[in-house]
$ cat start_32.cif   # mmCIF, C-alpha atoms
data_query
#
loop_
_atom_site.label_atom_id
_atom_site.label_comp_id
_atom_site.auth_asym_id
_atom_site.auth_seq_id
_atom_site.Cartn_x
_atom_site.Cartn_y
_atom_site.Cartn_z
CA MET I 1 -57.73 14.61 14.46
CA SER I 2 -55.93 17.12 16.69
CA THR I 3 -54.96 15.65 20.05
CA ASN I 4 -53.10 18.47 21.77
CA LEU I 5 -54.98 21.21 23.54
CA ALA I 6 -55.15 24.00 20.94
CA PRO I 7 -53.96 27.46 22.08
CA TRP I 8 -57.41 29.01 21.52
CA ARG I 9 -59.00 26.51 23.94
CA ILE I 10 -57.98 28.45 27.04
CA LEU I 11 -59.54 31.63 25.63
CA LEU I 12 -62.77 29.85 24.80
CA SER I 13 -62.84 28.27 28.28
CA ARG I 14 -62.34 31.70 29.82
CA ALA I 15 -65.21 33.12 27.74
CA LEU I 16 -67.50 30.24 28.75
CA HIS I 17 -66.59 30.80 32.39
CA LEU I 18 -67.01 34.59 32.37
CA ASN I 19 -70.35 34.34 30.56
CA ARG I 20 -71.62 31.33 32.54
CA SER I 21 -74.48 33.26 34.19
CA GLN I 22 -76.25 33.31 30.82
CA PRO I 23 -77.37 29.86 29.65
CA TYR I 24 -77.44 31.09 26.02
CA SER I 25 -73.66 31.53 26.17
CA ARG I 26 -73.54 27.86 25.19
CA TYR I 27 -75.49 28.55 22.00
CA PHE I 28 -73.70 29.38 18.76
CA GLN I 29 -74.51 29.69 15.06
CA LEU I 30 -73.38 26.97 12.68
CA ALA I 31 -73.12 27.76 8.96
CA THR I 32 -73.17 25.01 6.32
CA VAL I 33 -73.65 24.93 2.55
CA THR I 34 -76.45 23.30 0.53
CA SER I 35 -75.84 21.10 -2.52
CA GLU I 36 -76.82 24.18 -4.59
CA GLY I 37 -73.94 26.08 -2.96
CA LEU I 38 -76.11 28.34 -0.79
CA PRO I 39 -75.26 29.20 2.83
CA LYS I 40 -77.47 28.02 5.70
CA ASN I 41 -77.23 29.16 9.30
CA ARG I 42 -78.85 28.11 12.57
CA THR I 43 -78.39 28.22 16.33
CA VAL I 44 -77.15 25.02 17.98
CA VAL I 45 -75.97 24.08 21.47
CA PHE I 46 -72.38 23.45 22.57
CA ARG I 47 -72.16 19.94 24.07
CA GLY I 48 -68.50 20.08 25.10
CA TYR I 49 -65.42 18.60 23.44
CA LEU I 50 -64.85 15.07 22.26
CA ASN I 51 -62.57 13.32 24.78
CA ASN I 52 -58.93 14.49 24.54
CA THR I 53 -59.47 16.34 21.28
CA ASN I 54 -60.38 19.86 20.18
CA GLN I 55 -63.47 18.61 18.37
CA ILE I 56 -66.66 20.42 19.28
CA LYS I 57 -69.73 18.29 20.01
CA ILE I 58 -73.19 19.18 18.68
CA VAL I 59 -76.25 16.96 18.46
CA THR I 60 -78.73 16.84 15.61
CA ASP I 61 -81.72 14.97 14.24
CA LEU I 62 -81.06 12.77 11.19
CA ARG I 63 -84.23 14.28 9.68
CA SER I 64 -82.87 17.84 9.94
CA GLU I 65 -81.98 19.61 6.67
CA LYS I 66 -78.45 20.24 7.89
CA VAL I 67 -77.73 16.50 7.67
CA THR I 68 -78.16 16.52 3.87
CA GLN I 69 -76.01 19.66 3.69
CA ILE I 70 -73.26 18.09 5.77
CA GLU I 71 -73.32 14.87 3.74
CA HIS I 72 -72.77 17.03 0.65
CA LYS I 73 -70.10 19.33 2.10
CA THR I 74 -68.35 18.20 5.29
CA TRP I 75 -67.30 21.66 6.38
CA GLY I 76 -68.85 24.23 8.68
CA GLU I 77 -68.13 27.52 10.38
CA ILE I 78 -69.26 28.31 13.89
CA CYS I 79 -69.82 31.93 14.89
CA TRP I 80 -69.96 32.24 18.67
CA TYR I 81 -70.62 35.65 20.19
CA PHE I 82 -70.35 36.16 23.95
CA THR I 83 -72.58 39.04 24.98
CA LYS I 84 -71.12 39.81 28.42
CA THR I 85 -67.42 39.86 27.49
CA ARG I 86 -68.21 41.16 23.98
CA GLU I 87 -65.98 38.73 22.12
CA GLN I 88 -66.48 36.54 19.06
CA PHE I 89 -64.97 33.21 18.09
CA ARG I 90 -65.25 31.95 14.53
CA LEU I 91 -64.27 28.28 14.23
CA ALA I 92 -64.06 26.68 10.79
CA GLY I 93 -63.47 23.00 10.31
CA SER I 94 -64.49 19.63 9.01
CA LEU I 95 -67.74 18.06 10.15
CA THR I 96 -68.26 14.41 11.06
CA LEU I 97 -71.75 13.04 11.50
CA ILE I 98 -72.01 10.05 13.85
CA THR I 99 -75.27 8.37 12.85
CA ALA I 100 -76.77 5.19 14.35
CA ASN I 101 -74.89 3.04 11.82
CA TYR I 102 -71.55 4.82 12.01
CA PRO I 103 -68.99 1.99 12.08
CA ASN I 104 -66.37 3.29 14.58
CA SER I 105 -67.25 1.77 17.96
CA ASN I 106 -65.49 4.44 20.02
CA LEU I 107 -67.44 7.19 18.30
CA GLN I 108 -70.62 5.13 18.61
CA LYS I 109 -69.92 5.01 22.34
CA GLU I 110 -69.60 8.81 22.29
CA ARG I 111 -72.96 9.01 20.52
CA PHE I 112 -74.54 6.98 23.32
CA LEU I 113 -72.87 9.17 25.94
CA ALA I 114 -74.12 12.36 24.28
CA TRP I 115 -77.67 10.98 24.38
CA GLN I 116 -77.36 10.05 28.03
CA GLN I 117 -76.12 13.53 28.90
CA LEU I 118 -79.15 15.28 27.33
CA SER I 119 -82.03 16.53 29.45
CA ASP I 120 -85.36 14.66 29.22
CA SER I 121 -86.90 17.54 27.31
CA ALA I 122 -84.02 17.59 24.81
CA ARG I 123 -84.35 13.81 24.29
CA LEU I 124 -88.10 14.16 23.81
CA GLN I 125 -87.56 16.37 20.74
CA PHE I 126 -86.11 13.40 18.88
CA ALA I 127 -89.47 11.62 19.32
CA TRP I 128 -91.38 14.55 17.81
CA PRO I 129 -92.82 14.42 14.26
CA TYR I 130 -90.63 15.17 11.26
CA PRO I 131 -89.04 18.61 11.78
CA GLY I 132 -89.71 21.23 9.08
CA LYS I 133 -92.70 19.35 7.62
CA PRO I 134 -96.20 20.93 7.70
CA LYS I 135 -97.33 21.05 11.30
CA ILE I 136 -99.29 18.14 12.69
CA GLU I 137 -102.12 19.81 14.59
CA ASP I 138 -102.35 17.21 17.28
CA ASP I 139 -100.57 18.18 20.47
CA LEU I 140 -100.62 14.54 21.58
CA VAL I 141 -97.86 13.66 19.11
CA PHE I 142 -95.60 16.18 20.86
CA SER I 143 -96.42 15.05 24.38
CA CYS I 144 -95.43 11.42 24.03
CA LEU I 145 -93.44 9.68 26.72
CA SER I 146 -89.81 10.67 27.01
CA PRO I 147 -87.58 8.08 25.30
CA SER I 148 -85.27 5.89 27.33
CA PRO I 149 -82.21 7.78 28.58
CA ASP I 150 -80.05 4.70 28.04
CA GLU I 151 -80.18 4.07 24.32
CA PRO I 152 -80.47 6.80 21.67
CA LEU I 153 -83.31 6.86 19.17
CA ALA I 154 -82.21 5.87 15.66
CA ASN I 155 -82.52 9.44 14.35
CA PHE I 156 -80.21 10.87 17.04
CA CYS I 157 -76.81 11.95 15.68
CA LEU I 158 -73.67 13.29 17.25
CA LEU I 159 -72.05 15.96 15.09
CA LEU I 160 -68.36 16.86 15.46
CA LEU I 161 -66.63 19.99 14.21
CA ASP I 162 -62.84 19.72 14.15
CA PRO I 163 -61.55 23.34 14.04
CA GLN I 164 -58.82 24.07 11.49
CA GLN I 165 -59.01 27.87 11.61
CA VAL I 166 -60.07 30.08 14.51
CA ASP I 167 -60.60 33.84 14.54
CA HIS I 168 -60.95 35.54 17.92
CA LEU I 169 -62.17 39.14 18.11
CA GLU I 170 -62.44 41.16 21.31
CA LEU I 171 -64.59 44.26 20.84
CA ARG I 172 -63.50 45.64 24.21
CA GLY I 173 -59.89 46.35 23.22
CA ASN I 174 -58.72 49.81 22.20
CA PRO I 175 -58.47 49.23 19.33
CA GLN I 176 -60.22 45.87 19.22
CA ASN I 177 -57.98 42.82 19.50
CA ARG I 178 -58.14 40.18 16.80
CA CYS I 179 -56.10 37.01 16.59
CA GLN I 180 -56.14 34.14 14.10
CA TYR I 181 -55.08 30.55 14.67
CA PHE I 182 -54.52 27.97 11.96
CA LEU I 183 -52.98 24.52 11.60
CA ASP I 184 -49.84 24.22 9.48
CA GLU I 185 -48.83 21.10 7.54
CA SER I 186 -47.32 19.48 10.64
CA LYS I 187 -50.63 20.06 12.51
CA THR I 188 -49.06 22.72 14.70
CA TRP I 189 -51.16 25.75 15.60
CA ILE I 190 -49.83 29.03 14.18
CA ILE I 191 -50.92 32.23 15.93
CA GLN I 192 -51.17 35.54 14.10
CA GLU I 193 -52.38 38.85 15.52
CA VAL I 194 -54.25 40.74 12.81
CA ASN I 195 -55.82 44.17 12.37
CA PRO I 196 -59.42 44.16 13.63
CA MET U 1 -87.50 44.07 -4.67
CA SER U 2 -90.39 43.45 -2.29
CA THR U 3 -92.33 46.62 -1.53
CA ASN U 4 -95.12 45.42 0.76
CA LEU U 5 -94.54 44.93 4.45
CA ALA U 6 -93.81 41.22 4.73
CA PRO U 7 -95.90 39.28 7.29
CA TRP U 8 -92.78 38.32 9.32
CA ARG U 9 -91.89 42.01 9.81
CA ILE U 10 -94.33 42.51 12.66
CA LEU U 11 -92.87 39.51 14.51
CA LEU U 12 -89.33 40.77 14.04
CA SER U 13 -90.37 44.24 15.22
CA ARG U 14 -91.95 42.71 18.30
CA ALA U 15 -88.77 40.74 19.04
CA LEU U 16 -86.62 43.86 18.64
CA HIS U 17 -88.95 45.73 20.98
CA LEU U 18 -89.16 43.04 23.66
CA ASN U 19 -85.38 42.54 23.64
CA ARG U 20 -84.51 46.25 23.37
CA SER U 21 -82.86 46.41 26.83
CA GLN U 22 -79.94 44.41 25.40
CA PRO U 23 -77.95 46.31 22.76
CA TYR U 24 -76.67 43.01 21.33
CA SER U 25 -80.23 42.17 20.25
CA ARG U 26 -79.37 44.18 17.14
CA TYR U 27 -76.49 41.84 16.31
CA PHE U 28 -76.99 38.78 14.13
CA GLN U 29 -74.87 36.21 12.30
CA LEU U 30 -74.54 36.43 8.53
CA ALA U 31 -73.46 33.32 6.59
CA THR U 32 -71.96 33.56 3.11
CA VAL U 33 -70.05 31.16 0.85
CA THR U 34 -66.46 31.44 -0.45
CA SER U 35 -65.49 30.90 -4.08
CA GLU U 36 -64.28 27.44 -2.94
CA GLY U 37 -67.82 26.69 -1.76
CA LEU U 38 -67.07 26.85 1.97
CA PRO U 39 -69.37 28.50 4.52
CA LYS U 40 -68.28 31.64 6.39
CA ASN U 41 -70.07 33.18 9.35
CA ARG U 42 -69.70 36.40 11.35
CA THR U 43 -71.60 38.75 13.63
CA VAL U 44 -72.85 41.98 12.05
CA VAL U 45 -75.13 44.81 13.19
CA PHE U 46 -78.71 45.43 12.06
CA ARG U 47 -78.94 48.95 10.58
CA GLY U 48 -82.69 48.96 9.91
CA TYR U 49 -84.60 48.44 6.68
CA LEU U 50 -84.11 50.13 3.34
CA ASN U 51 -86.88 52.70 2.88
CA ASN U 52 -90.28 51.12 2.11
CA THR U 53 -88.81 47.68 1.48
CA ASN U 54 -88.13 44.53 3.50
CA GLN U 55 -84.42 44.71 2.70
CA ILE U 56 -82.16 44.53 5.74
CA LYS U 57 -79.32 47.05 5.96
CA ILE U 58 -75.81 46.05 7.05
CA VAL U 59 -72.58 48.02 6.62
CA THR U 60 -69.21 46.57 5.68
CA ASP U 61 -65.67 47.50 4.72
CA LEU U 62 -64.74 46.95 1.06
CA ARG U 63 -61.50 45.34 2.33
CA SER U 64 -63.41 42.71 4.35
CA GLU U 65 -63.22 39.11 3.13
CA LYS U 66 -67.00 38.89 2.96
CA VAL U 67 -66.98 41.35 0.04
CA THR U 68 -65.13 38.87 -2.20
CA GLN U 69 -67.49 36.13 -1.04
CA ILE U 70 -70.56 38.22 -1.85
CA GLU U 71 -69.21 39.21 -5.26
CA HIS U 72 -68.84 35.50 -5.98
CA LYS U 73 -72.21 34.38 -4.56
CA THR U 74 -74.85 37.05 -3.98
CA TRP U 75 -76.78 35.11 -1.38
CA GLY U 76 -76.67 35.03 2.41
CA GLU U 77 -78.49 33.65 5.41
CA ILE U 78 -78.97 35.61 8.60
CA CYS U 79 -79.40 33.74 11.88
CA TRP U 80 -80.82 36.07 14.53
CA TYR U 81 -81.34 34.71 18.02
CA PHE U 82 -83.11 36.82 20.65
CA THR U 83 -81.94 35.76 24.09
CA LYS U 84 -84.71 37.26 26.23
CA THR U 85 -87.72 36.01 24.25
CA ARG U 86 -85.86 32.84 23.19
CA GLU U 87 -86.78 33.01 19.51
CA GLN U 88 -84.81 32.65 16.30
CA PHE U 89 -85.27 34.18 12.87
CA ARG U 90 -83.44 32.77 9.88
CA LEU U 91 -83.63 35.06 6.86
CA ALA U 92 -82.23 33.88 3.53
CA GLY U 93 -81.98 36.15 0.54
CA SER U 94 -80.01 37.88 -2.15
CA LEU U 95 -77.26 40.30 -1.20
CA THR U 96 -76.57 43.65 -2.88
CA LEU U 97 -73.35 45.48 -2.16
CA ILE U 98 -73.56 49.27 -2.57
CA THR U 99 -69.95 50.33 -3.06
CA ALA U 100 -68.65 53.88 -3.67
CA ASN U 101 -69.04 53.46 -7.44
CA TYR U 102 -72.43 51.75 -7.42
CA PRO U 103 -74.34 53.45 -10.26
CA ASN U 104 -77.88 53.76 -8.82
CA SER U 105 -78.16 57.26 -7.35
CA ASN U 106 -80.98 56.42 -4.94
CA LEU U 107 -78.99 53.59 -3.43
CA GLN U 108 -75.89 55.79 -3.38
CA LYS U 109 -77.95 58.27 -1.35
CA GLU U 110 -78.81 55.42 1.02
CA ARG U 111 -75.10 54.64 1.33
CA PHE U 112 -74.43 58.23 2.37
CA LEU U 113 -77.32 58.12 4.84
CA ALA U 114 -76.05 54.88 6.40
CA TRP U 115 -72.64 56.51 6.91
CA GLN U 116 -74.18 59.58 8.50
CA GLN U 117 -76.21 57.44 10.89
CA LEU U 118 -73.12 55.60 12.24
CA SER U 119 -71.53 56.57 15.54
CA ASP U 120 -68.13 58.32 15.43
CA SER U 121 -66.43 55.18 16.73
CA ALA U 122 -68.09 53.01 14.07
CA ARG U 123 -67.00 55.46 11.35
CA LEU U 124 -63.46 55.48 12.73
CA GLN U 125 -63.10 51.74 12.05
CA PHE U 126 -63.23 52.43 8.32
CA ALA U 127 -60.07 54.54 8.70
CA TRP U 128 -58.20 51.70 10.44
CA PRO U 129 -55.50 49.65 8.67
CA TYR U 130 -56.43 46.76 6.40
CA PRO U 131 -58.65 44.35 8.43
CA GLY U 132 -57.40 40.76 8.75
CA LYS U 133 -53.81 41.62 7.71
CA PRO U 134 -50.93 41.08 10.17
CA LYS U 135 -51.31 43.58 12.97
CA ILE U 136 -49.62 46.95 12.66
CA GLU U 137 -48.05 47.45 16.08
CA ASP U 138 -48.49 51.18 16.15
CA ASP U 139 -51.50 52.32 18.12
CA LEU U 140 -51.31 55.71 16.42
CA VAL U 141 -52.71 54.25 13.20
CA PHE U 142 -55.83 53.24 15.11
CA SER U 143 -56.28 56.53 16.92
CA CYS U 144 -56.46 58.79 13.87
CA LEU U 145 -59.05 61.54 13.64
CA SER U 146 -62.59 60.43 13.09
CA PRO U 147 -63.53 60.81 9.41
CA SER U 148 -66.08 63.41 8.33
CA PRO U 149 -69.64 62.37 9.20
CA ASP U 150 -70.90 63.90 5.97
CA GLU U 151 -69.23 61.90 3.23
CA PRO U 152 -68.39 58.19 3.48
CA LEU U 153 -64.85 56.92 3.04
CA ALA U 154 -64.32 55.12 -0.29
CA ASN U 155 -64.10 51.70 1.42
CA PHE U 156 -67.46 52.10 3.17
CA CYS U 157 -70.19 49.85 1.73
CA LEU U 158 -73.87 49.45 2.40
CA LEU U 159 -74.94 45.82 2.19
CA LEU U 160 -78.57 44.82 1.60
CA LEU U 161 -80.15 41.44 2.23
CA ASP U 162 -83.53 40.99 0.53
CA PRO U 163 -85.23 38.09 2.38
CA GLN U 164 -86.83 35.41 0.19
CA GLN U 165 -87.31 32.78 2.90
CA VAL U 166 -87.82 33.28 6.63
CA ASP U 167 -87.95 30.65 9.36
CA HIS U 168 -89.22 31.73 12.77
CA LEU U 169 -88.76 29.44 15.77
CA GLU U 170 -90.07 30.14 19.26
CA LEU U 171 -88.42 27.93 21.87
CA ARG U 172 -90.94 29.00 24.52
CA GLY U 173 -93.94 27.25 22.99
CA ASN U 174 -95.17 23.89 24.19
CA PRO U 175 -94.18 22.33 21.88
CA GLN U 176 -92.01 24.97 20.23
CA ASN U 177 -93.69 27.03 17.50
CA ARG U 178 -92.08 27.17 14.09
CA CYS U 179 -93.35 29.01 11.05
CA GLN U 180 -91.88 29.43 7.55
CA TYR U 181 -92.49 32.25 5.09
CA PHE U 182 -91.53 32.21 1.43
CA LEU U 183 -92.26 34.24 -1.69
CA ASP U 184 -94.25 32.53 -4.45
CA GLU U 185 -93.90 33.34 -8.15
CA SER U 186 -96.22 36.35 -7.87
CA LYS U 187 -94.03 37.70 -5.04
CA THR U 188 -96.72 36.99 -2.46
CA TRP U 189 -95.63 35.73 0.94
CA ILE U 190 -96.82 32.19 1.73
CA ILE U 191 -97.03 31.22 5.40
CA GLN U 192 -96.61 27.63 6.56
CA GLU U 193 -96.59 26.36 10.15
CA VAL U 194 -94.14 23.47 10.41
CA ASN U 195 -93.10 20.95 13.03
CA PRO U 196 -90.30 22.36 15.24
#
$ encode --input "start_32.cif" --output "structure tokens"
Amino acid sequence: MSTNLAPWRILLSRALHLNRSQPYSRYFQLATVTSEGLPKNRTVVFRGYLNNTNQIKIVTDLRSEKVTQIEHKTWGEICWYFTKTREQFRLAGSLTLITANYPNSNLQKERFLAWQQLSDSARLQFAWPYPGKPKIEDDLVFSCLSPSPDEPLANFCLLLLDPQQVDHLELRGNPQNRCQYFLDESKTWIIQEVNP
Amino acid sequence: MSTNLAPWRILLSRALHLNRSQPYSRYFQLATVTSEGLPKNRTVVFRGYLNNTNQIKIVTDLRSEKVTQIEHKTWGEICWYFTKTREQFRLAGSLTLITANYPNSNLQKERFLAWQQLSDSARLQFAWPYPGKPKIEDDLVFSCLSPSPDEPLANFCLLLLDPQQVDHLELRGNPQNRCQYFLDESKTWIIQEVNP
């Protein structure tokens, strides 16, 4: 677990700030791999960093297909494109899934906190029928009461991505600017400007 | 190769139309897998469909890391989020890389056409130094003359993704609407509404 503020953090904070007028600036695409070795890709929401670390917080439903993929291969790559500033961050790293029975009490506390910080409508989705299964044609099952904001439903998971490699591309440069960051053996971030 | 207009095409066309005011609506994220079985993810540009097929056209540089990944595993998943209409398409399918020495003459013709349809600035990028290698600190190498619009540079590739599975999610529904499309053994598209 990296505990120092990584050098790419300030650039990502700047991008989030400059693109803050667009709520979708907090959405990014997370790629994982199936047990058959095929790539999968979907949009998820940035939920901030885990306290005092560079780990990126995501939330997911235990019933989601990505959970099986992550259990098989605990690695993911985020692709995060900011439309206003025209820059892309690619963040590759290990994935940790904090389920309801995850033993570490500090991370369990973080799971509770992530639940509490969701909106009512986001929490409600965890009470919906099984995602990806044939649609239940009864709107009542989707309009149930919002679950308690205090304690997460059992299928609510916190997902952490701990970046090990970051690639930052600015399309606006002339030429474009591209910079890569990676952790060496002593867990120090190495910075390398590369050709776009 | 699918030759009939797939049922998801009309929805994707509608999304492209409704989001046309934003040039970045033609950008999507393409996930591939490395030879080590790790996911990779990057933003690429939609270049239309291959004539009379449902295959999605992308262009890439032969020197790009994704080329090695695709040669290893000829499968990718596109995640395409439309910010204005708040809908996501995930398109999974086989990848075909049309390099300069690809034998099929029709597809080679398509490679030429894709080159001719690029902007001058997009073509220029294929004359830049090796992408992803340590940066050459000489701006002159990036400001060379734009290559001929008639004949593609040898490192210019056309990349085709032939969708086999499509997942369409509309966040605006109440609840959200989600629909999956997949090809059965007779190459007919099956449509299935699923829980979001």
$ closest_residue --input "start_32.cif" --among "U:Pro196, U:Gly173, U:Pro147, U:Pro23" --to "chain I" --atoms "only C-alpha atoms"
U:Pro196
$ interface_residues --input "start_32.cif" --of "chain U" --to "chain I" --cutoff "9 Å" --atoms "all atoms listed in the file" --output "number ranges by chain"
U: 24, 29-33, 37-43, 73, 75-81, 83, 88-90, 92, 125, 128-136, 139, 142-143, 174-175, 178-180, 192-196
$ atom_distance --input "start_32.cif" --atom1 "atom CA of U:Asp162" --atom2 "atom CA of U:Gln55"
4.4 Å
$ atom_distance --input "start_32.cif" --atom1 "atom CA of I:Thr85" --atom2 "atom CA of U:Val45"
17.0 Å
$ resolve_selection --input "start_32.cif" --expression "the PyMOL selection byres ((chain I and resi 57-59) around 10)" --output "MDAnalysis selection string"
chainID I and resid 30 44:51 54:56 60:62 96:98 110:111 114:115 118 156:162
$ resolve_selection --input "start_32.cif" --expression "the PyMOL selection byres ((chain I and resi 181) around 10)" --output "PyMOL selection string"
chain I and resi 6-8+91+163-168+179-180+182-184+188-193
$ atom_distance --input "start_32.cif" --atom1 "atom CA of I:Ala122" --atom2 "atom CA of I:Glu65"
18.4 Å
$ resolve_selection --input "start_32.cif" --expression "the PyMOL selection byres ((chain I and resi 148) around 12)" --output "PyMOL selection string"
chain I and resi 112+115-116+118-121+123-124+126-127+145-147+149-153
$ axis_aligned_box --input "start_32.cif" --around "stretch 111-121 of chain I" --padding-each-side "5 Å" --output "lines of an AutoDock Vina configuration file"
center_x = -79.9
center_y = 12.3
center_z = 25.0
size_x = 24.0
size_y = 20.6
size_z = 18.9
$ closest_residue --input "start_32.cif" --among "U:Gln69, U:Ala15, U:Arg26, U:Glu87" --to "U:Leu171" --atoms "only C-alpha atoms"
U:Glu87
